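S.K.: Got a structure for you, data.tsv, holding TSV, C-alpha atoms and all ligand atoms.
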```tsv
chain	number	residue	atom	x	y	z
F	1	MET	CA	95.45	84.92	82.05
F	2	THR	CA	95.01	85.81	85.74
F	3	VAL	CA	96.92	88.91	86.70
F	4	LEU	CA	97.57	90.08	90.24
F	5	VAL	CA	97.95	93.86	90.19
F	6	THR	CA	99.60	95.38	93.25
F	7	GLY	CA	98.67	99.04	93.62
F	8	GLY	CA	95.76	98.44	91.24
F	9	ALA	CA	93.70	101.13	93.00
F	10	GLY	CA	96.30	103.76	92.15
F	11	TYR	CA	96.42	106.19	89.24
F	12	ILE	CA	98.43	104.08	86.77
F	13	GLY	CA	97.46	100.68	88.18
F	14	SER	CA	93.74	101.36	87.75
F	15	HIS	CA	94.28	102.22	84.06
F	16	VAL	CA	96.06	98.91	83.51
F	17	VAL	CA	93.37	97.05	85.45
F	18	ARG	CA	90.74	98.63	83.18
F	19	LEU	CA	92.58	97.48	80.01
F	20	LEU	CA	93.09	93.95	81.38
F	21	VAL	CA	89.41	93.61	82.25
F	22	GLU	CA	88.43	94.99	78.83
F	23	ARG	CA	90.44	92.31	77.07
F	24	GLY	CA	89.00	89.53	79.23
F	25	ASP	CA	91.80	88.76	81.68
F	26	GLU	CA	90.98	87.84	85.27
F	27	VAL	CA	92.32	90.47	87.66
F	28	LEU	CA	93.04	90.41	91.38
F	29	VAL	CA	93.94	93.71	93.04
F	30	VAL	CA	96.23	93.94	96.08
F	31	ASP	CA	96.36	97.38	97.65
F	32	ASP	CA	96.63	99.00	101.07
F	33	PHE	CA	94.74	102.10	99.89
F	34	SER	CA	97.40	104.39	101.32
F	35	THR	CA	97.10	106.51	98.17
F	36	GLY	CA	94.78	104.31	96.12
F	37	ILE	CA	91.04	104.83	95.77
F	38	GLU	CA	88.78	101.82	96.25
F	39	ASN	CA	86.03	102.85	93.84
F	40	ARG	CA	88.50	102.74	90.93
F	41	VAL	CA	88.43	98.92	91.24
F	42	GLU	CA	85.29	98.23	93.26
F	43	ASP	CA	83.87	95.48	91.01
F	44	LEU	CA	86.99	93.30	91.27
F	45	PRO	CA	88.35	90.89	93.85
F	46	ILE	CA	90.54	92.90	96.21
F	47	VAL	CA	93.01	91.87	98.87
F	48	SER	CA	93.53	94.77	101.25
F	49	LEU	CA	97.15	94.35	102.31
F	50	ASP	CA	100.26	96.38	103.09
F	51	LEU	CA	102.85	94.52	101.01
F	52	ALA	CA	105.59	95.49	103.43
F	53	ALA	CA	103.79	93.96	106.44
F	54	SER	CA	105.26	90.92	108.16
F	55	ASP	CA	102.40	88.63	107.06
F	56	ALA	CA	102.38	89.92	103.45
F	57	GLU	CA	104.38	87.07	101.91
F	58	ASP	CA	102.06	84.38	103.30
F	59	ARG	CA	98.94	86.33	102.40
F	60	LEU	CA	100.23	86.86	98.85
F	61	VAL	CA	100.98	83.16	98.46
F	62	ALA	CA	97.45	82.33	99.64
F	63	ALA	CA	95.89	84.84	97.22
F	64	ILE	CA	98.04	83.64	94.29
F	65	GLU	CA	97.08	80.03	94.92
F	66	GLU	CA	93.38	80.77	95.50
F	67	HIS	CA	93.07	82.73	92.23
F	68	SER	CA	95.59	80.68	90.16
F	69	VAL	CA	97.57	83.82	89.36
F	70	ASP	CA	100.11	83.43	86.55
F	71	SER	CA	101.35	87.02	86.20
F	72	ILE	CA	101.96	89.97	88.51
F	73	ILE	CA	102.16	93.66	87.72
F	74	HIS	CA	103.80	95.41	90.65
F	75	PHE	CA	102.86	99.09	90.94
F	76	ALA	CA	102.52	99.40	94.71
F	77	ALA	CA	105.14	101.82	96.01
F	78	LYS	CA	105.68	105.20	97.58
F	79	LYS	CA	106.67	107.67	94.87
F	80	GLN	CA	107.35	111.16	96.25
F	81	VAL	CA	110.93	112.25	95.72
F	82	GLY	CA	110.92	114.93	98.44
F	83	GLU	CA	109.31	112.62	100.99
F	84	SER	CA	111.92	109.97	100.15
F	85	VAL	CA	114.71	112.41	101.05
F	86	GLU	CA	113.00	113.21	104.37
F	87	GLN	CA	112.08	109.60	105.22
F	88	PRO	CA	114.52	107.32	103.36
F	89	LEU	CA	113.99	104.33	105.65
F	90	MET	CA	110.25	104.43	105.10
F	91	TYR	CA	110.97	104.28	101.33
F	92	TYR	CA	113.33	101.33	101.71
F	93	ARG	CA	110.90	99.57	104.04
F	94	GLN	CA	107.95	100.10	101.73
F	95	ASN	CA	109.42	99.82	98.24
F	96	ILE	CA	112.17	97.28	98.88
F	97	GLY	CA	110.27	95.44	101.64
F	98	GLY	CA	107.14	95.22	99.46
F	99	LEU	CA	109.06	93.94	96.44
F	100	THR	CA	110.93	91.41	98.60
F	101	ASN	CA	107.61	89.92	99.68
F	102	VAL	CA	106.31	89.88	96.10
F	103	LEU	CA	109.44	88.07	94.85
F	104	ALA	CA	109.34	85.63	97.77
F	105	ALA	CA	105.71	84.82	96.92
F	106	VAL	CA	106.69	84.37	93.25
F	107	GLU	CA	109.40	81.93	94.33
F	108	ARG	CA	106.95	79.89	96.42
F	109	THR	CA	104.28	79.69	93.70
F	110	GLY	CA	104.17	79.12	89.98
F	111	VAL	CA	103.93	82.78	88.92
F	112	GLU	CA	105.58	82.98	85.51
F	113	SER	CA	105.92	86.66	84.78
F	114	LEU	CA	106.28	90.04	86.47
F	115	VAL	CA	106.09	93.61	85.23
F	116	PHE	CA	107.75	96.16	87.52
F	117	SER	CA	107.06	99.91	87.69
F	118	SER	CA	110.47	101.48	87.49
F	119	SER	CA	111.19	105.09	86.76
F	120	ALA	CA	113.33	107.56	84.81
F	121	ALA	CA	114.43	108.58	88.34
F	122	THR	CA	116.89	105.65	88.10
F	123	TYR	CA	118.96	107.73	85.65
F	124	GLY	CA	119.47	110.66	88.03
F	125	MET	CA	121.00	113.71	86.29
F	126	PRO	CA	122.34	112.33	83.01
F	127	ASP	CA	124.35	114.76	80.92
F	128	VAL	CA	122.68	113.64	77.72
F	129	GLU	CA	119.26	114.78	76.62
F	130	MET	CA	118.05	111.50	75.07
F	131	VAL	CA	118.34	108.71	77.58
F	132	ALA	CA	118.78	105.09	76.46
F	133	GLU	CA	118.45	102.11	78.79
F	134	ASP	CA	122.13	101.18	78.78
F	135	LEU	CA	123.20	104.54	80.20
F	136	ASP	CA	124.76	104.35	83.66
F	137	CYS	CA	122.08	104.72	86.34
F	138	ARG	CA	122.99	107.18	89.08
F	139	PRO	CA	119.82	108.01	90.99
F	140	ILE	CA	120.05	111.16	93.09
F	141	ASN	CA	117.41	110.44	95.73
F	142	PRO	CA	116.19	107.49	97.83
F	143	TYR	CA	113.07	107.08	95.68
F	144	GLY	CA	115.16	106.54	92.53
F	145	GLU	CA	117.50	104.27	94.48
F	146	THR	CA	114.61	102.02	95.57
F	147	LYS	CA	113.61	101.67	91.92
F	148	LEU	CA	117.13	100.79	90.76
F	149	ILE	CA	117.63	98.33	93.61
F	150	GLY	CA	114.22	96.86	92.73
F	151	GLU	CA	115.48	96.24	89.18
F	152	TRP	CA	118.59	94.48	90.55
F	153	MET	CA	116.46	92.34	92.88
F	154	ILE	CA	114.36	91.24	89.93
F	155	ASP	CA	117.45	90.42	87.85
F	156	ASN	CA	118.76	88.32	90.72
F	157	ALA	CA	115.40	86.54	91.02
F	158	ILE	CA	115.49	85.73	87.28
F	159	THR	CA	118.99	84.24	87.64
F	160	ALA	CA	118.00	82.23	90.72
F	161	ALA	CA	114.87	80.92	88.99
F	162	LYS	CA	116.97	79.78	86.02
F	163	MET	CA	119.32	77.97	88.41
F	164	ARG	CA	116.33	76.19	89.97
F	165	GLY	CA	115.02	75.33	86.51
F	166	THR	CA	111.87	77.41	87.07
F	167	ALA	CA	110.23	79.51	84.38
F	168	PHE	CA	110.20	83.13	85.52
F	169	LYS	CA	110.38	86.18	83.27
F	170	ALA	CA	110.25	89.86	84.14
F	171	VAL	CA	110.11	93.23	82.45
F	172	LYS	CA	111.06	96.49	84.16
F	173	LEU	CA	109.44	99.60	82.70
F	174	ARG	CA	111.13	102.94	83.33
F	175	TYR	CA	108.32	105.46	83.09
F	176	PHE	CA	109.05	109.03	82.10
F	177	ASN	CA	106.52	111.78	83.01
F	178	VAL	CA	103.14	110.14	83.25
F	179	ALA	CA	100.11	112.40	82.80
F	180	GLY	CA	96.55	112.63	81.51
F	181	ALA	CA	93.58	110.37	82.09
F	182	GLY	CA	92.28	107.48	79.98
F	183	TRP	CA	88.96	107.69	81.80
F	184	PRO	CA	88.02	110.79	83.83
F	185	GLU	CA	87.21	108.76	86.95
F	186	LEU	CA	90.72	107.26	86.96
F	187	ALA	CA	92.51	110.63	86.76
F	188	ASP	CA	95.47	111.43	89.00
F	189	THR	CA	94.05	112.99	92.15
F	190	ALA	CA	97.45	113.70	93.70
F	191	VAL	CA	98.73	117.20	92.99
F	192	MET	CA	102.41	116.37	92.61
F	193	ASN	CA	103.24	116.61	88.92
F	194	LEU	CA	103.38	119.61	86.60
F	195	ILE	CA	99.99	119.29	84.89
F	196	PRO	CA	97.88	118.68	88.06
F	197	ILE	CA	99.82	121.42	89.88
F	198	VAL	CA	99.21	123.99	87.12
F	199	LEU	CA	95.53	123.00	86.91
F	200	GLU	CA	95.10	123.43	90.65
F	201	ARG	CA	96.83	126.83	90.64
F	202	VAL	CA	94.67	128.00	87.73
F	203	ALA	CA	91.46	126.67	89.37
F	204	THR	CA	92.24	128.58	92.56
F	205	GLY	CA	93.17	131.79	90.74
F	206	LYS	CA	96.90	131.55	91.41
F	207	ALA	CA	99.75	131.88	88.93
F	208	PRO	CA	101.76	128.71	88.30
F	209	ILE	CA	105.46	128.99	89.14
F	210	ILE	CA	108.20	128.06	86.69
F	211	PHE	CA	111.32	126.88	88.53
F	212	GLY	CA	114.06	128.32	86.38
F	213	ASP	CA	113.87	129.86	82.92
F	214	ASP	CA	117.59	130.12	82.30
F	215	TYR	CA	118.35	126.53	81.35
F	216	ALA	CA	120.16	125.77	78.11
F	217	THR	CA	116.94	124.82	76.32
F	218	PRO	CA	115.21	126.70	73.48
F	219	ASP	CA	112.82	128.63	75.78
F	220	GLY	CA	114.96	128.37	78.95
F	221	THR	CA	112.59	126.05	80.84
F	222	CYS	CA	113.12	122.36	81.61
F	223	ILE	CA	112.18	119.77	79.02
F	224	ARG	CA	110.55	116.46	79.94
F	225	ASP	CA	108.99	113.54	78.08
F	226	TYR	CA	105.25	113.40	78.89
F	227	VAL	CA	103.56	110.07	78.24
F	228	HIS	CA	99.80	109.56	78.30
F	229	VAL	CA	98.78	107.19	81.10
F	230	LYS	CA	96.68	105.19	78.64
F	231	ASP	CA	99.69	104.67	76.36
F	232	LEU	CA	101.73	103.68	79.41
F	233	ALA	CA	99.00	101.22	80.42
F	234	GLU	CA	99.18	99.65	76.94
F	235	ALA	CA	102.94	99.17	77.44
F	236	HIS	CA	102.14	96.87	80.39
F	237	ILE	CA	99.82	94.78	78.25
F	238	ALA	CA	102.51	94.61	75.55
F	239	SER	CA	105.02	93.51	78.22
F	240	LEU	CA	102.77	90.66	79.39
F	241	ASP	CA	102.28	89.50	75.82
F	242	TYR	CA	106.01	89.77	75.09
F	243	MET	CA	106.79	87.48	78.01
F	244	LYS	CA	104.11	84.98	76.96
F	245	SER	CA	105.53	84.56	73.50
F	246	GLU	CA	109.29	84.57	73.88
F	247	GLU	CA	112.33	84.57	76.12
F	248	PRO	CA	112.83	88.31	76.67
F	249	ALA	CA	115.89	89.52	74.78
F	250	GLU	CA	115.80	92.64	76.96
F	251	THR	CA	114.18	93.14	80.34
F	252	VAL	CA	114.33	96.91	80.86
F	253	PHE	CA	112.49	99.45	78.72
F	254	ASN	CA	112.00	103.20	78.70
F	255	VAL	CA	108.39	104.25	78.35
F	256	GLY	CA	108.03	107.71	76.89
F	257	THR	CA	107.21	109.36	73.60
F	258	GLY	CA	110.76	110.19	72.52
F	259	LYS	CA	109.72	113.86	72.27
F	260	GLY	CA	110.27	116.51	74.89
F	261	ALA	CA	108.02	119.40	75.92
F	262	SER	CA	109.18	122.37	77.94
F	263	VAL	CA	107.42	123.66	81.05
F	264	LYS	CA	106.35	126.72	79.05
F	265	GLU	CA	104.92	124.52	76.28
F	266	VAL	CA	102.93	122.51	78.82
F	267	ILE	CA	101.52	125.69	80.38
F	268	ASP	CA	100.63	127.00	76.90
F	269	ALA	CA	98.84	123.72	76.12
F	270	ILE	CA	96.87	124.06	79.38
F	271	ALA	CA	95.98	127.67	78.53
F	272	GLU	CA	94.73	126.49	75.13
F	273	ALA	CA	92.69	123.56	76.53
F	274	THR	CA	91.10	125.65	79.28
F	275	ASP	CA	90.77	128.75	77.08
F	276	ARG	CA	92.29	130.88	79.83
F	277	GLU	CA	95.18	133.26	79.85
F	278	ILE	CA	97.84	131.86	82.16
F	279	VAL	CA	100.69	134.12	83.19
F	280	PRO	CA	103.26	132.09	85.13
F	281	GLU	CA	105.56	133.50	87.81
F	282	MET	CA	109.27	132.90	87.47
F	283	GLY	CA	110.97	131.18	90.40
F	284	GLU	CA	114.46	129.94	91.22
F	285	ARG	CA	115.80	126.67	89.80
F	286	ARG	CA	115.20	123.60	92.01
F	287	ALA	CA	118.13	121.42	92.99
F	288	GLY	CA	118.30	118.16	91.08
F	289	ASP	CA	116.36	119.22	87.99
F	290	PRO	CA	118.22	118.24	84.81
F	291	PRO	CA	117.59	120.69	81.92
F	292	ALA	CA	116.20	118.00	79.63
F	293	LEU	CA	115.21	114.36	80.08
F	294	VAL	CA	113.72	112.59	77.08
F	295	ALA	CA	113.34	108.84	76.54
F	296	ASP	CA	115.10	107.05	73.74
F	297	VAL	CA	112.25	104.70	72.86
F	298	SER	CA	113.92	102.66	70.15
F	299	ARG	CA	114.24	99.53	72.33
F	300	ILE	CA	110.58	99.32	73.37
F	301	SER	CA	109.47	100.07	69.85
F	302	ALA	CA	111.69	97.32	68.37
F	303	GLN	CA	111.10	94.64	71.02
F	304	LEU	CA	107.53	95.21	72.21
F	305	SER	CA	106.19	96.92	69.06
F	306	TRP	CA	104.89	99.61	71.40
F	307	LYS	CA	104.72	103.26	70.49
F	308	ALA	CA	102.94	106.15	72.19
F	309	GLU	CA	99.78	107.12	70.35
F	310	TYR	CA	99.06	110.39	72.12
F	311	GLY	CA	101.00	113.64	72.29
F	312	LEU	CA	101.01	116.64	74.60
F	313	THR	CA	97.75	118.10	73.27
F	314	GLU	CA	95.76	114.91	74.00
F	315	ILE	CA	97.48	114.41	77.35
F	316	VAL	CA	96.65	117.93	78.52
F	317	ARG	CA	93.13	117.84	77.11
F	318	SER	CA	92.34	114.57	78.92
F	319	ALA	CA	93.66	115.97	82.22
F	320	VAL	CA	91.73	119.23	81.76
F	321	ASP	CA	88.53	117.33	80.90
F	322	ALA	CA	88.92	115.05	83.93
F	323	ALA	CA	89.37	118.13	86.13
F	324	GLY	CA	86.17	119.61	84.63
F	325	MET	CA	88.10	122.65	83.39
F	326	SER	CA	87.72	122.40	79.63
F	327	SER	CA	86.51	125.47	77.80
F	328	THR	CA	82.97	125.34	76.43
F	329	GLY	CA	82.68	123.57	73.11
F	330	LYS	CA	86.09	121.92	73.32
F	401	LIG	N1	103.06	108.67	88.36
F	401	LIG	C1	104.27	108.77	87.82
F	401	LIG	O1	104.58	109.77	87.16
F	401	LIG	C2	105.29	107.65	87.96
F	401	LIG	C3	106.52	107.78	87.29
F	401	LIG	C4	107.45	106.75	87.41
F	401	LIG	C5	107.15	105.61	88.16
F	401	LIG	N2	105.96	105.54	88.81
F	401	LIG	C6	105.68	104.33	89.61
F	401	LIG	O2	104.46	103.78	89.19
F	401	LIG	C7	103.81	103.13	90.28
F	401	LIG	C8	102.38	103.61	90.39
F	401	LIG	O3	102.38	105.02	90.55
F	401	LIG	P1	101.03	105.87	90.61
F	401	LIG	O4	101.34	107.19	90.01
F	401	LIG	O5	99.88	105.09	90.09
F	401	LIG	O6	100.91	106.06	92.18
F	401	LIG	P2	99.67	105.88	93.16
F	401	LIG	O7	100.12	106.41	94.47
F	401	LIG	O8	98.43	106.44	92.57
F	401	LIG	O9	99.54	104.30	93.21
F	401	LIG	C9	100.25	103.48	94.11
F	401	LIG	C10	99.27	102.42	94.60
F	401	LIG	O10	99.99	101.50	95.44
F	401	LIG	C11	99.30	101.36	96.68
F	401	LIG	N3	100.35	101.08	97.68
F	401	LIG	C12	101.40	101.86	98.04
F	401	LIG	N4	102.15	101.26	98.98
F	401	LIG	C13	101.59	100.03	99.20
F	401	LIG	C14	101.89	98.92	100.02
F	401	LIG	N5	102.95	98.95	100.85
F	401	LIG	N6	101.10	97.83	99.99
F	401	LIG	C15	100.02	97.77	99.16
F	401	LIG	N7	99.67	98.81	98.35
F	401	LIG	C16	100.45	99.92	98.36
F	401	LIG	C17	98.60	102.69	96.91
F	401	LIG	O11	97.51	102.63	97.78
F	401	LIG	C18	98.16	103.02	95.46
F	401	LIG	O12	96.95	102.40	95.14
F	401	LIG	C19	104.70	103.41	91.51
F	401	LIG	O13	105.53	102.28	91.70
F	401	LIG	C20	105.51	104.61	91.09
F	401	LIG	O14	106.74	104.65	91.74
F	401	LIG	C21	105.02	106.52	88.72
```
As a first step, turn the structure in this file into structure tokens.
Ligand SMILES: NC(=O)c1ccc[n+]([C@@H]2O[C@H](COP(=O)([O-])OP(=O)(O)OC[C@H]3O[C@@H](n4cnc5c(N)ncnc54)[C@H](O)[C@@H]3O)[C@@H](O)[C@H]2O)c1
M.R.:
Amino acid sequence: MTVLVTGGAGYIGSHVVRLLVERGDEVLVVDDFSTGIENRVEDLPIVSLDLAASDAEDRLVAAIEEHSVDSIIHFAAKKQVGESVEQPLMYYRQNIGGLTNVLAAVERTGVESLVFSSSAATYGMPDVEMVAEDLDCRPINPYGETKLIGEWMIDNAITAAKMRGTAFKAVKLRYFNVAGAGWPELADTAVMNLIPIVLERVATGKAPIIFGDDYATPDGTCIRDYVHVKDLAEAHIASLDYMKSEEPAETVFNVGTGKGASVKEVIDAIAEATDREIVPEMGERRAGDPPALVADVSRISAQLSWKAEYGLTEIVRSAVDAAGMSSTGK
């Protein structure tokens, strides 16, 4: 199989690239290195390209034909919620523009399958704790909207391909809270999610801040579903295999563990893994934070036979190790 991985130099993309190479697939990386790091994929063929650029469709077609690509995994996107509120058009231009070019290149070539990085941000602020895929999606920021619109675009492309009599299958994966590192050198270098933020605060001698401890959860802090990036990477491999073997019965899947951890529990796990006392500061609630968001993973488990192997302890330990902050002997 030859897989074109957009955003393959990014945090999640580079983990998937590593697994694909390990199992013997040919891999071509397309990335503009806006947030990606070249040495994560330096031994592979790379096309340096902004997917939203006006020449991107033609350059993608040329790369697909040159490398006989049969599958695409599309990670490349901007992903910061706050930035998407400040610069919505940039998010539409990048995330929707990039995907438009990818789908146009699929249409002009014989690419048979696509895996798309979607997000739990498509759900918005659901009033249920366990979120299943058929729940109404009501994203509350432009980032989440670009992911939901991306899913619709892919559904439309599947319908149009069927009408043309072309074989094209796609799977959209809605990631929950991705964390940890499968290999230390591929760790998340952006300090935007809870675990990297707490690690940075601890490393610089500052107290982490908990945004709200009066939610209706057992310890008052928000609950999220943390999934190990290596488990998430395996879900992409399972998606490719699923599309090889059958007509997908479903095309959208939650990727999480099905278990929630509170902010306090995550901080306690970091304290344990670093062998440091961490005393967080209490801050105000942030707008748009649902009290609990946990993936119902029954669909992915039934259809793709995928299940997360790692839990919070392994996730935190891998992130702490990658940051060089593990306590001696652990
Ligand atoms: N990290 C998470 O918790 C999370 C959760 C849900 C969904 N996602 C989605 O997963 C995907 C990967 O996220 P990540 O955490 O690895 O982010 P990342 O920023 O590390 O990776 C994104 C990669 O895409 C590249 N890129 C961005 N815009 C591009 C463009 N226009 N053209 C070509 N390359 C471009 C970047 O250089 C980078 O290598 C994104 O689509 C993101 O929205 C991530």
S.K.: Enclose the full set of atoms of segment 213-225 of chain F listed in the file within a box whose edges lie along x, y and z, apply 4 Å of padding to each of the six sides, and report centre and edge lengths in Å to one decimal as AutoDock Vina command-line options.
M.R.:
```
--center_x 114.6 --center_y 121.8 --center_z 78.2 --size_x 19.2 --size_y 24.6 --size_z 17.4
```
S.K.: Which residue out of F:Met90, F:Ala238, F:Ala207, F:Val229 has the minimum interatomic distance to Pro184 of chain F when only C-alpha atoms are used?
M.R.: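 Using only C-alpha atoms, the shortest distance to Pro184 of chain F belongs to F:Val229.
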S.K.: Select, counting all atoms listed in the file, all protein, DNA and RNA residues no farther than 9 Å from (98.0, 95.5, 87.7) in file coordinates, and express the selection as a ChimeraX atom specification.
M.R.: /F:3-9,12-17,20,27-30,72-75,115,236
S.K.: Please produce a file of the residues just selected, as a short mmCIF file (atom, residue, chain, number, x, y, z; two decimals), in the frame of the given file, where the atoms kept are C-alpha atoms.
M.R.:
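Okay, part-v9.cif is ready:
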```cif
data_model
loop_
_atom_site.label_atom_id
_atom_site.label_comp_id
_atom_site.auth_asym_id
_atom_site.auth_seq_id
_atom_site.Cartn_x
_atom_site.Cartn_y
_atom_site.Cartn_z
CA VAL F 3 96.92 88.91 86.70
CA LEU F 4 97.57 90.08 90.24
CA VAL F 5 97.95 93.86 90.19
CA THR F 6 99.60 95.38 93.25
CA GLY F 7 98.67 99.04 93.62
CA GLY F 8 95.76 98.44 91.24
CA ALA F 9 93.70 101.13 93.00
CA ILE F 12 98.43 104.08 86.77
CA GLY F 13 97.46 100.68 88.18
CA SER F 14 93.74 101.36 87.75
CA HIS F 15 94.28 102.22 84.06
CA VAL F 16 96.06 98.91 83.51
CA VAL F 17 93.37 97.05 85.45
CA LEU F 20 93.09 93.95 81.38
CA VAL F 27 92.32 90.47 87.66
CA LEU F 28 93.04 90.41 91.38
CA VAL F 29 93.94 93.71 93.04
CA VAL F 30 96.23 93.94 96.08
CA ILE F 72 101.96 89.97 88.51
CA ILE F 73 102.16 93.66 87.72
CA HIS F 74 103.80 95.41 90.65
CA PHE F 75 102.86 99.09 90.94
CA VAL F 115 106.09 93.61 85.23
CA HIS F 236 102.14 96.87 80.39
#
```
S.K.: Go through F:Ile37, F:Gly150, F:Val297, F:Thr122 one by one, measure the shortest atom-to-atom distance of each to Cys137 of chain F using all atoms listed in the file, and give the residue with the smallest value.
M.R.: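 Distance minimum relative to Cys137 of chain F lands on F:Thr122.
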S.K.: Measuring between only C-alpha atoms and all ligand atoms, which one of F:Asp296, F:Asp188, F:Glu57, F:Glu42 shows the shortest distance to ligand LIG 401 (chain F)?
M.R.: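 Nearest candidate to ligand LIG 401 (chain F) out of F:Asp296, F:Asp188, F:Glu57, F:Glu42: F:Asp188.
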S.K.: Hey, could you patch up segment 118-132 of chain F with N, CA, C and O atoms and hand it over as a compact mmCIF listing (two decimals), in the frame of the given file?
M.R.:
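Below is the file that was written, part-v2.txt:
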```
# COMPACT_ATOMS: atom_id res chain seq x y z
N SER F 118 109.27 100.74 87.16
CA SER F 118 110.47 101.48 87.49
C SER F 118 110.29 102.92 87.03
O SER F 118 109.15 103.33 86.73
N SER F 119 111.36 103.65 86.98
CA SER F 119 111.19 105.09 86.76
C SER F 119 112.42 105.69 86.09
O SER F 119 113.55 105.19 86.27
N ALA F 120 112.20 106.79 85.37
CA ALA F 120 113.33 107.56 84.81
C ALA F 120 114.19 108.13 85.94
O ALA F 120 115.32 108.54 85.69
N ALA F 121 113.65 108.11 87.18
CA ALA F 121 114.43 108.58 88.34
C ALA F 121 115.66 107.70 88.56
O ALA F 121 116.59 108.10 89.27
N THR F 122 115.69 106.50 87.96
CA THR F 122 116.89 105.65 88.10
C THR F 122 118.10 106.28 87.40
O THR F 122 119.22 106.00 87.76
N TYR F 123 117.84 107.15 86.40
CA TYR F 123 118.96 107.73 85.65
C TYR F 123 119.64 108.88 86.40
O TYR F 123 120.78 109.20 86.12
N GLY F 124 118.90 109.52 87.30
CA GLY F 124 119.47 110.66 88.03
C GLY F 124 119.58 111.88 87.14
O GLY F 124 118.61 112.29 86.51
N MET F 125 120.80 112.47 87.08
CA MET F 125 121.00 113.71 86.29
C MET F 125 121.91 113.41 85.11
O MET F 125 123.07 113.84 85.11
N PRO F 126 121.45 112.68 84.12
CA PRO F 126 122.34 112.33 83.01
C PRO F 126 122.74 113.59 82.24
O PRO F 126 121.98 114.55 82.19
N ASP F 127 123.95 113.56 81.66
CA ASP F 127 124.35 114.76 80.92
C ASP F 127 124.05 114.62 79.43
O ASP F 127 124.60 115.33 78.60
N VAL F 128 123.17 113.69 79.10
CA VAL F 128 122.68 113.64 77.72
C VAL F 128 121.18 113.91 77.76
O VAL F 128 120.53 113.65 78.76
N GLU F 129 120.67 114.42 76.65
CA GLU F 129 119.26 114.78 76.62
C GLU F 129 118.38 113.55 76.37
O GLU F 129 117.37 113.34 77.03
N MET F 130 118.81 112.71 75.40
CA MET F 130 118.05 111.50 75.07
C MET F 130 118.65 110.34 75.85
O MET F 130 119.83 110.04 75.70
N VAL F 131 117.82 109.71 76.68
CA VAL F 131 118.34 108.71 77.58
C VAL F 131 117.99 107.31 77.09
O VAL F 131 116.82 106.98 76.92
N ALA F 132 119.02 106.49 76.86
CA ALA F 132 118.78 105.09 76.46
C ALA F 132 119.02 104.20 77.68
O ALA F 132 119.71 104.58 78.63
```
